[in-house]
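Text of protein05.tsv (TSV, C-alpha atoms) as supplied:
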```tsv
chain	number	residue	atom	x	y	z
A	1	MET	CA	0.00	0.00	0.00
A	2	ILE	CA	1.42	3.39	-0.94
A	3	GLN	CA	0.22	6.97	-0.69
A	4	VAL	CA	-0.88	8.27	-4.07
A	5	ASN	CA	-2.58	11.64	-4.55
A	6	GLY	CA	-3.54	11.62	-0.87
A	7	LEU	CA	-5.05	8.13	-0.94
A	8	VAL	CA	-3.80	4.87	0.52
A	9	THR	CA	-3.51	2.90	-2.71
A	10	HIS	CA	-3.17	-0.83	-3.30
A	11	VAL	CA	-0.48	-1.41	-5.90
A	12	GLN	CA	0.84	-4.73	-7.20
A	13	GLU	CA	3.98	-4.95	-9.27
A	14	LEU	CA	5.43	-7.89	-11.13
A	15	PRO	CA	9.08	-7.50	-12.03
A	16	PRO	CA	10.17	-8.45	-15.52
A	17	VAL	CA	11.28	-12.07	-15.61
A	18	ALA	CA	15.03	-12.15	-16.17
A	19	ALA	CA	16.21	-13.57	-19.46
A	20	ASP	CA	17.53	-17.11	-19.18
A	21	PRO	CA	21.31	-16.93	-19.70
A	22	ALA	CA	21.30	-20.50	-21.02
A	23	ALA	CA	19.08	-19.39	-23.89
A	24	GLY	CA	21.70	-16.88	-24.99
A	25	GLY	CA	19.27	-14.04	-24.53
A	26	VAL	CA	17.18	-15.15	-27.50
A	27	ALA	CA	13.77	-16.22	-26.38
A	28	ALA	CA	12.49	-19.52	-27.69
A	29	ALA	CA	9.11	-18.94	-29.23
A	30	ALA	CA	8.12	-22.42	-28.14
A	31	ASP	CA	8.56	-21.61	-24.44
A	32	ALA	CA	5.24	-21.96	-22.70
A	33	GLY	CA	3.91	-19.11	-20.62
A	34	PRO	CA	2.63	-19.75	-17.09
A	35	GLY	CA	-0.78	-20.67	-18.38
A	36	GLY	CA	0.62	-23.18	-20.82
A	37	GLU	CA	0.18	-20.69	-23.59
A	38	PRO	CA	2.55	-20.95	-26.53
A	39	GLY	CA	5.10	-18.19	-26.95
A	40	ALA	CA	3.55	-14.85	-27.70
A	41	GLY	CA	5.45	-14.31	-30.88
A	42	PRO	CA	8.94	-14.05	-32.29
A	43	ALA	CA	11.40	-12.19	-30.13
A	44	VAL	CA	14.08	-10.53	-32.16
A	45	GLY	CA	17.43	-10.22	-30.49
A	46	PRO	CA	18.34	-10.24	-26.80
A	47	ALA	CA	16.24	-8.48	-24.23
A	48	ALA	CA	17.83	-5.67	-22.24
A	49	GLU	CA	19.42	-7.05	-19.08
A	50	SER	CA	19.04	-4.10	-16.77
A	51	PRO	CA	15.63	-3.55	-15.16
A	52	ALA	CA	15.90	0.09	-16.13
A	53	GLY	CA	15.83	-0.88	-19.79
A	54	ARG	CA	12.69	-2.97	-19.53
A	55	PRO	CA	9.40	-1.75	-20.99
A	56	VAL	CA	6.72	-0.83	-18.44
A	57	ALA	CA	3.10	-1.98	-18.70
A	58	VAL	CA	0.50	-0.21	-16.58
A	59	LEU	CA	-2.82	-2.02	-16.21
A	60	VAL	CA	-5.96	-0.04	-15.32
A	61	HIS	CA	-9.19	-1.78	-14.30
A	62	GLY	CA	-12.77	-0.60	-14.64
A	63	ILE	CA	-15.52	0.83	-12.47
A	64	GLY	CA	-17.92	-1.11	-10.30
A	65	PRO	CA	-17.05	-4.47	-8.80
A	66	ASP	CA	-13.75	-4.58	-10.69
A	67	SER	CA	-10.25	-4.50	-9.19
A	68	LEU	CA	-6.71	-5.20	-10.32
A	69	ALA	CA	-7.66	-8.87	-10.05
A	70	SER	CA	-9.10	-8.88	-13.57
A	71	TRP	CA	-5.72	-7.85	-15.00
A	72	TYR	CA	-3.69	-9.89	-12.48
A	73	LEU	CA	-5.47	-13.07	-13.57
A	74	SER	CA	-5.28	-12.35	-17.29
A	75	LEU	CA	-2.36	-10.39	-18.72
A	76	ALA	CA	-0.13	-9.57	-15.74
A	77	HIS	CA	1.99	-12.71	-15.54
A	78	PRO	CA	2.32	-13.24	-19.30
A	79	LEU	CA	3.49	-9.63	-19.61
A	80	ALA	CA	6.06	-10.09	-16.83
A	81	ASP	CA	7.20	-13.33	-18.43
A	82	ALA	CA	7.60	-11.45	-21.70
A	83	GLY	CA	9.96	-8.97	-20.03
A	84	PHE	CA	7.70	-6.12	-18.93
A	85	ARG	CA	7.75	-4.43	-15.55
A	86	VAL	CA	4.05	-4.73	-14.74
A	87	ILE	CA	2.28	-2.16	-12.58
A	88	MET	CA	-1.32	-2.63	-11.41
A	89	TYR	CA	-3.37	-0.70	-8.89
A	90	ASP	CA	-6.88	-0.54	-7.48
A	91	LEU	CA	-8.77	2.62	-8.44
A	92	ARG	CA	-9.98	4.83	-5.62
A	93	GLY	CA	-13.03	3.25	-4.06
A	94	HIS	CA	-12.15	-0.18	-5.43
A	95	GLY	CA	-10.35	-3.32	-4.32
A	96	ARG	CA	-8.13	-2.57	-1.38
A	97	THR	CA	-7.55	1.11	-2.18
A	98	GLU	CA	-9.07	3.74	0.09
A	99	ARG	CA	-12.62	4.77	-0.74
A	100	PRO	CA	-12.96	8.54	-0.38
A	101	PRO	CA	-16.53	9.82	-0.49
A	102	ALA	CA	-15.87	12.12	-3.43
A	103	GLY	CA	-13.58	12.74	-6.38
A	104	TYR	CA	-14.74	10.19	-8.96
A	105	ARG	CA	-14.80	12.34	-12.05
A	106	LEU	CA	-12.73	10.97	-14.87
A	107	ASP	CA	-10.19	13.79	-14.49
A	108	ASP	CA	-9.74	12.79	-10.83
A	109	LEU	CA	-9.03	9.20	-11.85
A	110	VAL	CA	-6.55	10.41	-14.49
A	111	ASP	CA	-4.91	12.54	-11.77
A	112	ASP	CA	-4.55	9.39	-9.65
A	113	LEU	CA	-2.84	7.51	-12.49
A	114	ALA	CA	-0.48	10.40	-13.14
A	115	ALA	CA	0.36	10.64	-9.43
A	116	LEU	CA	0.96	6.88	-9.24
A	117	LEU	CA	3.46	6.90	-12.10
A	118	GLU	CA	5.23	9.89	-10.60
A	119	ARG	CA	5.31	8.23	-7.17
A	120	LEU	CA	6.80	5.06	-8.70
A	121	GLY	CA	9.43	7.05	-10.55
A	122	VAL	CA	8.30	5.90	-13.99
A	123	ASP	CA	9.77	8.33	-16.47
A	124	ALA	CA	10.01	6.37	-19.69
A	125	PRO	CA	7.00	6.07	-22.00
A	126	VAL	CA	4.65	3.37	-20.72
A	127	HIS	CA	2.41	0.82	-22.36
A	128	LEU	CA	-1.07	1.43	-21.01
A	129	LEU	CA	-3.70	-1.29	-20.88
A	130	GLY	CA	-7.19	-0.31	-19.76
A	131	ASN	CA	-10.35	-2.37	-19.29
A	132	SER	CA	-13.71	-0.60	-19.64
A	133	LEU	CA	-13.51	2.67	-17.69
A	134	GLY	CA	-9.83	1.88	-17.17
A	135	GLY	CA	-9.41	2.35	-20.90
A	136	SER	CA	-11.09	5.75	-20.70
A	137	ILE	CA	-8.66	6.66	-17.91
A	138	ALA	CA	-5.81	5.48	-20.14
A	139	PHE	CA	-7.07	7.60	-23.06
A	140	GLY	CA	-7.44	10.57	-20.73
A	141	TYR	CA	-3.88	10.24	-19.46
A	142	THR	CA	-2.55	9.82	-22.98
A	143	ALA	CA	-4.44	12.89	-24.20
A	144	ARG	CA	-2.83	14.91	-21.41
A	145	HIS	CA	0.66	13.44	-21.85
A	146	PRO	CA	0.99	11.97	-25.37
A	147	ASP	CA	4.78	11.85	-25.04
A	148	ARG	CA	4.57	9.62	-21.94
A	149	VAL	CA	2.68	6.75	-23.58
A	150	ALA	CA	4.30	4.26	-25.95
A	151	SER	CA	1.15	2.29	-26.80
A	152	LEU	CA	-2.38	1.81	-25.59
A	153	VAL	CA	-4.52	-1.32	-25.38
A	154	ALA	CA	-8.20	-0.63	-24.73
A	155	VAL	CA	-10.46	-3.55	-23.84
A	156	GLU	CA	-14.18	-2.80	-24.13
A	157	SER	CA	-13.43	0.87	-23.91
A	158	ALA	CA	-13.45	4.22	-25.64
A	159	PRO	CA	-12.20	7.73	-24.99
A	160	ALA	CA	-14.46	9.63	-22.64
A	161	THR	CA	-16.95	11.01	-25.08
A	162	ALA	CA	-20.23	12.31	-23.64
A	163	GLN	CA	-21.92	9.24	-25.12
A	164	TRP	CA	-19.54	6.85	-23.35
A	165	LEU	CA	-19.82	8.66	-20.01
A	166	ALA	CA	-23.61	8.54	-20.14
A	167	ARG	CA	-23.40	4.82	-20.88
A	168	VAL	CA	-21.14	4.23	-17.87
A	169	GLY	CA	-23.64	6.09	-15.68
A	170	ARG	CA	-26.48	3.88	-16.92
A	171	GLN	CA	-24.39	0.74	-16.36
A	172	LEU	CA	-23.72	1.77	-12.78
A	173	GLU	CA	-27.42	2.40	-12.18
A	174	ARG	CA	-28.42	-0.93	-13.68
A	175	ALA	CA	-25.69	-2.91	-11.92
A	176	ALA	CA	-26.76	-1.44	-8.58
A	177	GLN	CA	-30.30	-2.71	-8.98
A	178	PRO	CA	-31.08	-6.02	-7.22
A	179	ASP	CA	-32.50	-7.64	-10.33
A	180	GLY	CA	-30.70	-5.55	-12.89
A	181	ASP	CA	-30.79	-7.01	-16.35
A	182	GLY	CA	-28.33	-4.58	-17.89
A	183	GLU	CA	-24.94	-5.64	-19.12
A	184	PRO	CA	-22.94	-6.46	-16.01
A	185	PRO	CA	-19.62	-4.79	-15.31
A	186	ALA	CA	-16.24	-6.34	-15.99
A	187	LEU	CA	-16.10	-9.28	-13.64
A	188	THR	CA	-19.58	-10.66	-14.09
A	189	THR	CA	-20.61	-13.06	-16.78
A	190	ARG	CA	-24.15	-13.82	-15.71
A	191	GLY	CA	-26.46	-13.52	-12.71
A	192	GLY	CA	-26.65	-15.93	-9.86
A	193	GLU	CA	-24.56	-15.68	-6.72
A	194	ARG	CA	-21.72	-13.82	-8.40
A	195	GLY	CA	-24.05	-11.34	-10.05
A	196	ALA	CA	-25.76	-10.71	-6.71
A	197	ARG	CA	-22.45	-10.06	-4.95
A	198	TYR	CA	-21.32	-7.68	-7.64
A	199	ALA	CA	-24.62	-5.84	-7.64
A	200	ALA	CA	-24.23	-5.42	-3.88
A	201	ALA	CA	-20.70	-4.09	-4.34
A	202	VAL	CA	-21.81	-1.52	-6.90
A	203	ARG	CA	-24.72	-0.47	-4.67
A	204	ARG	CA	-22.22	0.15	-1.85
A	205	LEU	CA	-20.00	2.20	-4.17
A	206	VAL	CA	-22.91	4.30	-5.42
A	207	ALA	CA	-24.35	4.69	-1.91
A	208	THR	CA	-21.13	5.69	-0.14
A	209	THR	CA	-19.46	7.84	-2.80
A	210	THR	CA	-20.28	10.38	-5.48
A	211	ALA	CA	-19.14	7.95	-8.21
A	212	GLY	CA	-22.65	7.48	-9.58
A	213	ARG	CA	-23.01	11.22	-10.15
A	214	ASP	CA	-19.40	12.16	-10.91
A	215	LEU	CA	-18.73	9.83	-13.81
A	216	PRO	CA	-21.64	10.80	-16.08
A	217	ALA	CA	-20.92	14.45	-15.21
A	218	SER	CA	-17.24	14.20	-16.10
A	219	THR	CA	-15.78	16.53	-18.68
A	220	PRO	CA	-15.68	14.68	-21.98
A	221	ALA	CA	-12.28	14.35	-23.61
A	222	ASP	CA	-11.41	17.18	-25.95
A	223	PRO	CA	-11.37	15.82	-29.52
A	224	ALA	CA	-8.39	18.03	-30.34
A	225	ALA	CA	-6.47	16.55	-27.41
A	226	LEU	CA	-7.44	13.05	-28.53
A	227	ARG	CA	-6.22	13.78	-32.05
A	228	ALA	CA	-2.82	14.53	-30.53
A	229	ILE	CA	-2.56	10.86	-29.53
A	230	THR	CA	-0.26	9.36	-32.11
A	231	CYS	CA	0.84	6.19	-30.32
A	232	PRO	CA	-0.36	2.80	-31.56
A	233	VAL	CA	-3.77	1.76	-30.24
A	234	LEU	CA	-5.29	-1.71	-30.02
A	235	GLY	CA	-9.01	-1.91	-29.33
A	236	ILE	CA	-10.54	-5.23	-28.24
A	237	PHE	CA	-14.29	-5.73	-27.98
A	238	GLY	CA	-16.65	-8.60	-27.39
A	239	SER	CA	-18.94	-9.07	-30.40
A	240	ASP	CA	-22.00	-9.30	-28.19
A	241	SER	CA	-21.23	-6.42	-25.86
A	242	SER	CA	-23.11	-3.15	-25.95
A	243	ALA	CA	-19.78	-1.30	-26.05
A	244	VAL	CA	-18.84	-2.71	-29.45
A	245	ASP	CA	-20.97	-0.06	-31.15
A	246	LEU	CA	-18.53	2.53	-29.78
A	247	ALA	CA	-15.74	0.97	-31.84
A	248	PRO	CA	-16.42	3.10	-34.95
A	249	ALA	CA	-16.21	6.26	-32.83
A	250	LEU	CA	-12.92	5.06	-31.38
A	251	VAL	CA	-11.50	4.49	-34.85
A	252	GLY	CA	-12.89	7.83	-36.00
A	253	LEU	CA	-11.11	9.68	-33.21
A	254	LEU	CA	-7.93	7.60	-33.40
A	255	PRO	CA	-7.57	6.26	-36.95
A	256	GLN	CA	-4.40	4.36	-36.07
A	257	THR	CA	-6.52	2.01	-33.95
A	258	GLU	CA	-6.29	-1.68	-34.75
A	259	LEU	CA	-9.58	-3.32	-33.93
A	260	VAL	CA	-10.20	-6.87	-32.75
A	261	VAL	CA	-13.68	-8.20	-32.07
A	262	VAL	CA	-13.88	-11.46	-30.13
A	263	PRO	CA	-16.88	-13.47	-31.33
A	264	GLY	CA	-19.44	-14.63	-28.81
A	265	HIS	CA	-18.23	-12.56	-25.86
A	266	ARG	CA	-19.67	-9.61	-24.01
A	267	HIS	CA	-18.37	-6.83	-21.78
A	268	ALA	CA	-16.43	-9.23	-19.54
A	269	VAL	CA	-14.33	-10.38	-22.51
A	270	LEU	CA	-11.07	-9.81	-20.61
A	271	VAL	CA	-12.20	-12.45	-18.11
A	272	THR	CA	-14.31	-14.74	-20.29
A	273	ALA	CA	-11.97	-14.81	-23.31
A	274	ARG	CA	-8.70	-14.47	-21.41
A	275	ASP	CA	-6.67	-16.75	-23.68
A	276	GLN	CA	-7.87	-15.03	-26.84
A	277	VAL	CA	-7.11	-11.60	-25.39
A	278	ARG	CA	-3.60	-12.79	-24.46
A	279	ARG	CA	-3.08	-14.12	-27.98
A	280	GLN	CA	-4.00	-10.73	-29.42
A	281	VAL	CA	-2.24	-8.43	-26.96
A	282	LEU	CA	1.14	-10.10	-26.50
A	283	PRO	CA	2.14	-10.30	-30.18
A	284	TRP	CA	0.74	-6.78	-30.77
A	285	LEU	CA	2.94	-5.38	-27.99
A	286	ALA	CA	5.93	-7.33	-29.33
A	287	ARG	CA	5.38	-5.65	-32.70
A	288	GLN	CA	5.23	-2.19	-31.09
A	289	LEU	CA	8.50	-2.79	-29.28
A	290	ALA	CA	10.15	-4.11	-32.44
A	291	ASP	CA	8.89	-1.12	-34.44
A	292	THR	CA	10.37	1.36	-32.03
A	293	GLY	CA	13.63	-0.52	-31.56
A	294	GLN	CA	12.97	-1.02	-27.88
A	295	PRO	CA	14.31	-4.09	-26.12
A	296	ALA	CA	12.49	-7.09	-27.52
A	297	LEU	CA	10.16	-9.25	-25.54
A	298	ARG	CA	10.99	-12.77	-24.56
A	299	GLY	CA	8.83	-15.27	-26.39
B	300	MET	CA	14.86	-30.77	6.19
B	301	PRO	CA	11.38	-30.94	4.69
B	302	ALA	CA	9.37	-27.75	4.74
B	303	ASP	CA	7.11	-27.88	7.79
B	304	HIS	CA	3.42	-27.69	6.91
B	305	ASP	CA	2.52	-26.49	10.39
B	306	THR	CA	4.97	-23.61	10.23
B	307	ILE	CA	3.75	-22.57	6.80
B	308	LEU	CA	0.11	-22.82	7.91
B	309	THR	CA	0.84	-20.61	10.91
B	310	GLU	CA	2.52	-17.98	8.76
B	311	ILE	CA	-0.26	-18.01	6.17
B	312	SER	CA	-2.85	-17.72	8.95
B	313	GLN	CA	-1.09	-14.64	10.30
B	314	MET	CA	-1.02	-13.10	6.85
B	315	LEU	CA	-4.72	-13.88	6.33
B	316	ARG	CA	-5.60	-12.13	9.57
B	317	ALA	CA	-3.56	-9.13	8.44
B	318	VAL	CA	-5.26	-9.09	5.03
B	319	LEU	CA	-8.74	-9.64	6.52
B	320	PRO	CA	-8.96	-7.84	9.86
B	321	GLY	CA	-12.59	-8.94	10.14
B	322	ILE	CA	-11.73	-12.60	10.76
B	323	ASP	CA	-12.96	-13.63	14.20
B	324	PRO	CA	-9.88	-14.09	16.42
B	325	ASP	CA	-11.48	-17.27	17.78
B	326	GLU	CA	-12.02	-18.74	14.31
B	327	GLU	CA	-9.39	-21.36	13.65
B	328	ILE	CA	-7.72	-21.35	10.24
B	329	THR	CA	-6.93	-24.88	9.14
B	330	MET	CA	-5.78	-26.70	6.01
B	331	ASP	CA	-9.47	-27.14	5.11
B	332	THR	CA	-10.41	-23.48	5.47
B	333	SER	CA	-11.94	-22.21	2.23
B	334	PHE	CA	-11.09	-18.72	1.00
B	335	ARG	CA	-14.59	-18.23	-0.33
B	336	ASP	CA	-16.87	-20.14	2.00
B	337	ASP	CA	-15.11	-19.70	5.34
B	338	LEU	CA	-13.24	-16.42	4.95
B	339	GLU	CA	-15.51	-14.73	2.36
B	340	MET	CA	-12.48	-13.59	0.41
B	341	GLU	CA	-12.79	-11.85	-2.90
B	342	SER	CA	-10.25	-12.53	-5.64
B	343	ILE	CA	-8.57	-9.22	-4.83
B	344	ASP	CA	-8.01	-10.42	-1.25
B	345	VAL	CA	-6.37	-13.62	-2.49
B	346	ILE	CA	-4.10	-11.57	-4.73
B	347	SER	CA	-3.21	-9.30	-1.83
B	348	LEU	CA	-2.28	-12.42	0.13
B	349	ALA	CA	-0.18	-13.67	-2.79
B	350	GLY	CA	1.76	-10.41	-2.72
B	351	ARG	CA	2.63	-10.95	0.94
B	352	LEU	CA	3.55	-14.56	0.31
B	353	GLN	CA	5.82	-13.53	-2.54
B	354	ALA	CA	7.52	-11.05	-0.21
B	355	ARG	CA	7.94	-13.72	2.48
B	356	TYR	CA	8.99	-16.72	0.40
B	357	GLY	CA	10.55	-14.95	-2.55
B	358	ASP	CA	11.22	-16.46	-5.93
B	359	SER	CA	11.58	-19.97	-4.54
B	360	VAL	CA	7.80	-20.18	-4.66
B	361	ASN	CA	6.47	-19.46	-8.14
B	362	PHE	CA	3.12	-17.79	-7.63
B	363	ALA	CA	2.80	-17.08	-11.31
B	364	GLN	CA	2.61	-20.81	-11.78
B	365	PHE	CA	0.24	-21.16	-8.85
B	366	VAL	CA	-2.32	-18.70	-10.21
B	367	ALA	CA	-1.82	-19.80	-13.79
B	368	GLY	CA	-5.01	-21.34	-15.08
B	369	LEU	CA	-6.96	-19.98	-12.12
B	370	ASP	CA	-9.70	-17.47	-12.71
B	371	VAL	CA	-11.77	-15.31	-10.41
B	372	ASP	CA	-13.96	-18.23	-9.30
B	373	SER	CA	-11.34	-20.96	-8.94
B	374	LEU	CA	-9.04	-18.61	-7.03
B	375	ARG	CA	-11.71	-18.01	-4.43
B	376	ALA	CA	-12.54	-21.70	-4.23
B	377	LEU	CA	-9.04	-22.58	-3.00
B	378	ARG	CA	-8.45	-24.02	0.44
B	379	VAL	CA	-5.65	-22.81	2.65
B	380	GLY	CA	-4.20	-26.33	2.53
B	381	GLU	CA	-3.68	-26.13	-1.24
B	382	LEU	CA	-1.60	-23.01	-0.76
B	383	VAL	CA	0.39	-24.61	2.08
B	384	GLU	CA	1.13	-27.67	-0.04
B	385	HIS	CA	2.22	-25.58	-3.01
B	386	ILE	CA	4.62	-23.59	-0.84
B	387	ALA	CA	5.96	-26.68	0.93
B	388	THR	CA	6.56	-28.47	-2.36
B	389	ALA	CA	8.31	-25.45	-3.85
B	390	LEU	CA	10.52	-24.98	-0.78
B	391	ASP	CA	11.48	-28.65	-0.84
B	392	SER	CA	12.52	-28.50	-4.48
B	393	PRO	CA	15.96	-27.27	-5.41
B	394	PRO	CA	16.06	-24.15	-7.63
B	395	ALA	CA	16.25	-25.00	-11.34
B	396	SER	CA	19.68	-23.47	-11.82
B	397	VAL	CA	21.14	-25.53	-8.99
B	398	ALA	CA	19.64	-28.67	-10.49
B	399	GLN	CA	21.21	-27.82	-13.86
B	400	VAL	CA	24.66	-27.35	-12.35
B	401	ALA	CA	24.30	-30.54	-10.35
B	402	GLY	CA	23.50	-32.42	-13.54
B	403	GLN	CA	26.63	-31.31	-15.41
```

Structure re-expressed in structure tokens:
Amino acid sequence: MIQVNGLVTHVQELPPVAADPAAGGVAAAADAGPGGEPGAGPAVGPAAESPAGRPVAVLVHGIGPDSLASWYLSLAHPLADAGFRVIMYDLRGHGRTERPPAGYRLDDLVDDLAALLERLGVDAPVHLLGNSLGGSIAFGYTARHPDRVASLVAVESAPATAQWLARVGRQLERAAQPDGDGEPPALTTRGGERGARYAAAVRRLVATTTAGRDLPASTPADPAALRAITCPVLGIFGSDSSAVDLAPALVGLLPQTELVVVPGHRHAVLVTARDQVRRQVLPWLARQLADTGQPALRG
Amino acid sequence: MPADHDTILTEISQMLRAVLPGIDPDEEITMDTSFRDDLEMESIDVISLAGRLQARYGDSVNFAQFVAGLDVDSLRALRVGELVEHIATALDSPPASVAQVAGQ
């Protein structure tokens, strides 16, 4: 737990896995990841040996019953295995981070991310990965500091347009209802015991904080600021989610966006289609590193 | 000397009580204690515990491997005993690099 922007914040870091000297610094693409996954893609050349030279991945979760767990259990370890320093944190009001009663506008959440990176002494461009509202936070940070972001992966997310913010507000309202039939937030896949627990968690968030009011009332991202984002962007959506219809707007604002739609999955695609998301994200990040001449990933 | 299950269980119990201050001091934590059913842990609580375990036992215990293949539900369904056994097994095994040198 560390103090970030005045809040006691739960942060988890995974150090980059050191390159195996026996492999001569060239990753074997056939090496299995921790989940038994095949190598993410070809690694070209030796990875940098010093931790300071390793690429940094910052994973941002979404609003509601979500926490860093959704990233920890999906991309975190494969990214560390591939040579990234992985940084995850619980948003204010979520997981094990302090829950202040106020300050849940999107700009506040972007402030928190900026303060976290400053507190951790991260000064090289980072690779941001955001899930749902976490992606909006990532876009917001990148719009403010385009030179500090090397690439951006957005799962079920979009920049904070007025349309997207209104949608988040409706999702919070629906998720907080006992028998809500709206699309559940990140960690839920269906109703039942899990859905009931998550609905209860969102009700507590909405009842004890201004999150329910702050988020829909947030200042939408300035299109001019968004157009200043020139880093590579990967957008991943579930084909059956309600957010997928925001994909065209995302591509319209950020034409460099590569789009992947995972068939048969909904808003919780990061959790329900974990292997597919890994198979998209890891090679995409390897390509970004290769393109910029940064230290290559291990396979 | 084989890693002592009792010692590991005691240390994990202490960490659990630190992670979950709401646990009744009189409630015994045993090898059969379920994260979900007995301790009402969320996945984030299990991950917080894993962070402390990593700090305590270091790289000799590969938690990446332990959580690999686990998702939100299966993580919560774990029993304390499964964690103890994983740690004990890892502590009893020589590090890979040592094994390689020994084999040369």

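One finds atom CA of Asp111 of chain A at 18.0 Å from atom CA of Thr161 of chain A.
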
Name the closest residue to chain B among the candidates A:Val153, A:Leu205, A:Val271, A:Ala166; distances are taken between atoms, counting all atoms listed in the file.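 Among the listed residues, A:Val271 lies closest to chain B.
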
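Nearest residue to Phe362 of chain B, choosing from A:Gln163, A:Ala175, A:Leu14, A:Ser151 and counting only C-alpha atoms: A:Leu14.
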
Could you please determine the separation between atom CA of Leu352 of chain B and atom CA of Glu381 of chain B in Å, to one decimal place?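 These atoms are spaced 13.7 Å apart.
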
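The shell of residues at most 9 Å from Gly135 of chain A, with all atoms listed in the file counted and near chain neighbours (fewer than 6 positions) removed, consists of Val60, His61, Gly62, Leu128, Leu129, Leu152, Val153, Ala154, Val155, Glu156, Ser157, Ala158 and Pro159 of chain A.
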
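Within 8 Å of chain B, and using only C-alpha atoms, the residues found on chain A are Gln12, Pro34, Gly35, Ser67, Leu68, Ala69, Ser70, Tyr72, Leu73, His77, Gly95, Arg96 and Val271 of chain A.
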
What is the atom CA of Ser74 of chain A-atom CA of Arg274 of chain A distance in Å, reported with one decimal? 5.8 Å

Given all atoms listed in the file as the basis, pick out the residue of B:Leu338, B:Ala349, B:Asp358, B:Ile328 nearest to Gln313 of chain B.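 Between B:Leu338, B:Ala349, B:Asp358, B:Ile328, the residue approaching Gln313 of chain B most closely is B:Ile328.
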